[in-house]
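The next block holds one structure in the form of structure tokens; read it before the comments.
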Number of protein chains: 2
Amino acid sequence: MAQGSARSEAKRAQIRHGATRVFLAEGFAGATTDAIAKAAGVSKQTLYVYYRSKEQLMVDVLGSLLARLNRDHAVLEGERSVDSLPALRATLVELASEVLEAVSGSDYLALARVIIADSPRVPEIGRLWAQTITGGIRLVVAGLLERAREAGVVVVDDVEAATRLLTGGLLTYVLPDGIVAVDGPVAAPDRERVERIVDMFLRAIT
Amino acid sequence: MAQGSARSEAKRAQIRHGATRVFLAEGFAGATTDAIAKAAGVSKQTLYVYYRSKEQLMVDVLGSLLARLNRDHAVLEGERSVDSLPALRATLVELASEVLEAVSGSDYLALARVIIADSPRVPEIGRLWAQTITGGIRLVVAGLLERAREAGVVVVDDVEAATRLLTGGLLTYVLPDGIVAVDGPVAAPDRERVERIVDMFLRAIT
DNA sequence: TCCAAACCGTACTGTTCAGTTTGATTCTGC
DNA sequence: GCAGAATCAAACTGAACAGTACGGTTTGGA
């Protein structure tokens with residue numbers, strides 16, 4: 001049954017992919033199993049062979065999305081220079097731009113909307129979100145600030161507070177602003193504004 | 001019909017009050033009209049005399065909550081001294097503490113959850129939220145910073161960016177952290193941490 | 001070529017729920 | 001008290017939908 005298992009995994013991915021589109025577009029309550037089966041190109045019967053219930057399917061979908069986002073964010077950590085103030089500035093601006101672009105995408109916002117809405121019903125997903133995604137970004141920033149502090153580039157006694165200040169100041173464009181702005185594009189800050197915010201932040205810790 | 005109208009308004013408020021509890025606890029999809037009628041101490045029939053549909057009822061409930069929050073926030077604007085750096089600092093710390101306390105309440109978080117979840121379906125509520133609540137807080141802070149700038153207490157060229165930095169840095173404890181933390185209390189920052197964040201922020205604009 | 005497993009489409013079941021209907025009961029002003 | 005309005009409780013209707021049953025079709029290995 002080695003092949004059977006491999007084929008099963010492919011089908012499972014196919015179902016997950018279709019379900020992802022429907023869940024992100026319609027939310028949990030709005031997504032019907034008929035629509036999911038159709039979007040996945042699969043009969044409803046097959047869907048219930050692979051997943052015990054609609055709820056379990058959603059947990060798998062959200063978990064997979066979070067895992068992928070988490071892998072993407074891990075990449076952000078890479079080699080970033082913080083040895084001098086100009087280097088730290090460039091690093092922060094670059095990182096902020098990347099994160100903001102990723103996080104302003106309609107997929108990310110839809111995911112956030114679904115997770116926030118259903119976190120009372122599926123608490124572990126909410127916890128996963130807080131610990132991996134938003135927490136993950138903060139971890140990267142905190143790591144950079146820590147290294148910059150050790151290098152004597154900045155003076156900051158409370159790294160956690162400083163991290164909050166920067167990430168919060170930037171992400172406020174997305175959350176709460178973007179998440180309720182359904183019509184029209186999300187007003188993510190342009191690069192110039194990001195630079196001004198980073199500069200202002202740096203003035204606080206130098 | 002003056003009395004009839006008055007009595008109608010009382011009943012309407014009674015229904016709205018009961019519906020508020022159910023909507024905040026269960027969300028739109030989870031709230032049944034039977035539960036709302038029971039919570040309001042009203043027959044379902046009467047409910048449909050006062051409101052054409054469940055959706056219209058929710059719009060009224062959310063609109064009323066937002067209007068009340070908005071009135072509360074208007075109070076925050078009051079007379080605040082920004083004539084000197086210590087005065088500005090005290091003002092900001094005080095304001096931040098008040099806002100954070102209000103915004104960490106489970107009612108506020110439940111409201112935010114409902115609005116975020118249903119903003120795709122009822123866009124005007126999302127817009128109202130963005131413009132009045134979060135936008136309102138920013139307006140107050142921006143006003144304070146503007147006055148402080150004119151008084152020569154601080155140096156800030158981009159008031160909007162500075163406002164984002166402070167409010168974002170503080171509200172990040174609530175959104176996204178608090179909103180997905182269903183179990184356990186929200187980890188709102190204590191006063192000491194608020195002071196550290198404000199101090200750090202002030203260093204950026206002095 | 002054959003067989004068995006996987007899959008498909010469709011129709012069905014049981015339930016939940018918004019909104020309505022009915023018919024009785026309680027207020028309110030006069 | 002007494003009309004007339006407002007309200008109540010409970011049953012009903014119709015639609016939506018999660019999950020299942022069924023009978024036919026494809027697929028892939030021996």
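Here, A, B, ... name the chains of the structure tokens in the order displayed, residue numbers run from 1 inside each chain, and ligands are numbered from 1 in the same displayed order.
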
Provide as a list in words the residues of chain D at most 8 Å from chain B, counting only C-alpha atoms (C1' of nucleotides).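 On the chain D side, the interface is DT7, DC8 and DA9 of chain D.
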
Could the residues in this selection be written to a file with C-alpha atoms (C1' of nucleotides), as a CSV table (one decimal), in the first residue's frame?
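Writing the result to part_1.csv gives the following:
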```csv
chain,number,residue,atom,x,y,z
D,7,DT,C1',-47.1,41.4,23.6
D,8,DC,C1',-46.7,36.5,24.4
D,9,DA,C1',-46.0,31.3,23.7
```

8 Å contacts from chain B to chain A using only C-alpha atoms, as a compact mmCIF listing (two decimals) with C-alpha atoms, in the first residue's frame:
```txt
# COMPACT_ATOMS: atom_id res chain seq x y z
CA ALA B 29 -23.69 33.12 12.78
CA ARG B 113 -13.83 39.85 16.88
CA VAL B 114 -17.38 40.14 15.61
CA ILE B 115 -16.63 43.21 13.51
CA ILE B 116 -13.52 41.70 11.97
CA ALA B 117 -15.31 38.47 11.20
CA SER B 119 -16.73 43.13 7.96
CA PRO B 120 -16.76 41.38 4.59
CA PRO B 123 -18.60 46.67 5.22
CA GLY B 126 -15.90 47.85 9.44
CA ARG B 127 -15.54 51.32 8.05
CA ALA B 130 -11.79 52.04 11.53
CA THR B 134 -9.01 53.19 16.15
CA ASP B 158 5.72 63.50 10.51
CA ALA B 161 4.01 58.41 11.56
CA ALA B 162 4.78 59.33 15.16
CA ARG B 164 1.29 55.30 14.46
CA LEU B 165 4.49 54.43 16.26
CA LEU B 166 3.11 55.13 19.72
CA THR B 167 -0.43 53.82 19.34
CA GLY B 168 0.73 50.81 17.36
CA GLY B 169 3.43 49.99 19.87
CA LEU B 170 0.91 50.04 22.68
CA LEU B 171 -2.06 48.42 20.99
CA THR B 172 -0.04 45.49 19.73
CA LEU B 175 -4.34 43.38 18.65
CA PRO B 176 -3.25 40.84 17.58
CA ASP B 177 -2.18 39.29 20.89
CA ILE B 179 -7.85 39.00 20.37
CA VAL B 180 -6.83 35.39 19.81
CA ALA B 181 -6.08 34.67 23.46
CA VAL B 182 -9.43 33.26 24.40
CA ASP B 183 -8.33 31.42 27.47
CA ARG B 193 5.94 48.97 30.86
CA ARG B 196 9.01 52.63 29.42
CA ILE B 197 7.35 52.59 26.01
CA MET B 200 11.31 55.38 24.51
CA PHE B 201 8.86 57.06 22.18
CA LEU B 202 9.58 60.50 23.59
CA ARG B 203 13.27 59.98 23.04
CA ALA B 204 12.46 59.59 19.35
CA ILE B 205 10.77 62.96 19.08
```

Would you please work out which residue, of B:Leu109, B:Leu95, B:Val22, B:Met58, is nearest to Arg80 (chain B) when using only C-alpha atoms?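 For Arg80 (chain B), the nearest of the given residues is B:Leu95.
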
For the structure I just gave you, how does DSSP split chain A - specifically, which residues are alpha helix (DSSP H)? Reply as a VMD selection string. chain A and resid 2 to 30 33 to 40 44 to 50 54 to 77 85 to 104 106 to 118 123 to 128 135 to 150 159 to 171 179 to 180 191 to 204

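Residues in contact with region 66-75 of chain A at 10 Å, where only C-alpha atoms (C1' of nucleotides) are counted and same-chain residues fewer than 3 positions away are skipped, are listed as Asp60, Val61, Leu62, Gly63, Gly78, Glu79, Glu98, Val99, Ala102, Tyr108, Leu111, Ile125, Leu128, Trp129, Thr132, Ile133, Thr134, Gly136, Ile137 and Val140 of chain A.
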
Residue list for chain C near chain A as number ranges by chain, 12 Å, only C-alpha atoms (C1' of nucleotides): C: 5-10

Contacts of DT13 (chain D) at 10 Å or less, counting only C-alpha atoms (C1' of nucleotides), minus same-chain residues fewer than 4 places along, as a list in words?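 Selected residues are DG19, DT20 and DT21 of chain C.
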
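CA of Ala187 (chain A) sits 11.1 Å away from CA of Gly105 (chain A).
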
Please list as a list in words every residue within 9 Å of DG19 (chain D), counting only C-alpha atoms (C1' of nucleotides) and excluding residues in the same chain fewer than 6 positions away.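 Returned residues: Tyr48 and Ser53 of chain A; DT13 of chain C.
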
Between CA of Arg149 (chain B) and CA of Glu192 (chain A), what distance in Å does the model show, to one decimal?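 Taking CA of Arg149 (chain B) and CA of Glu192 (chain A), their separation equals 22.0 Å.
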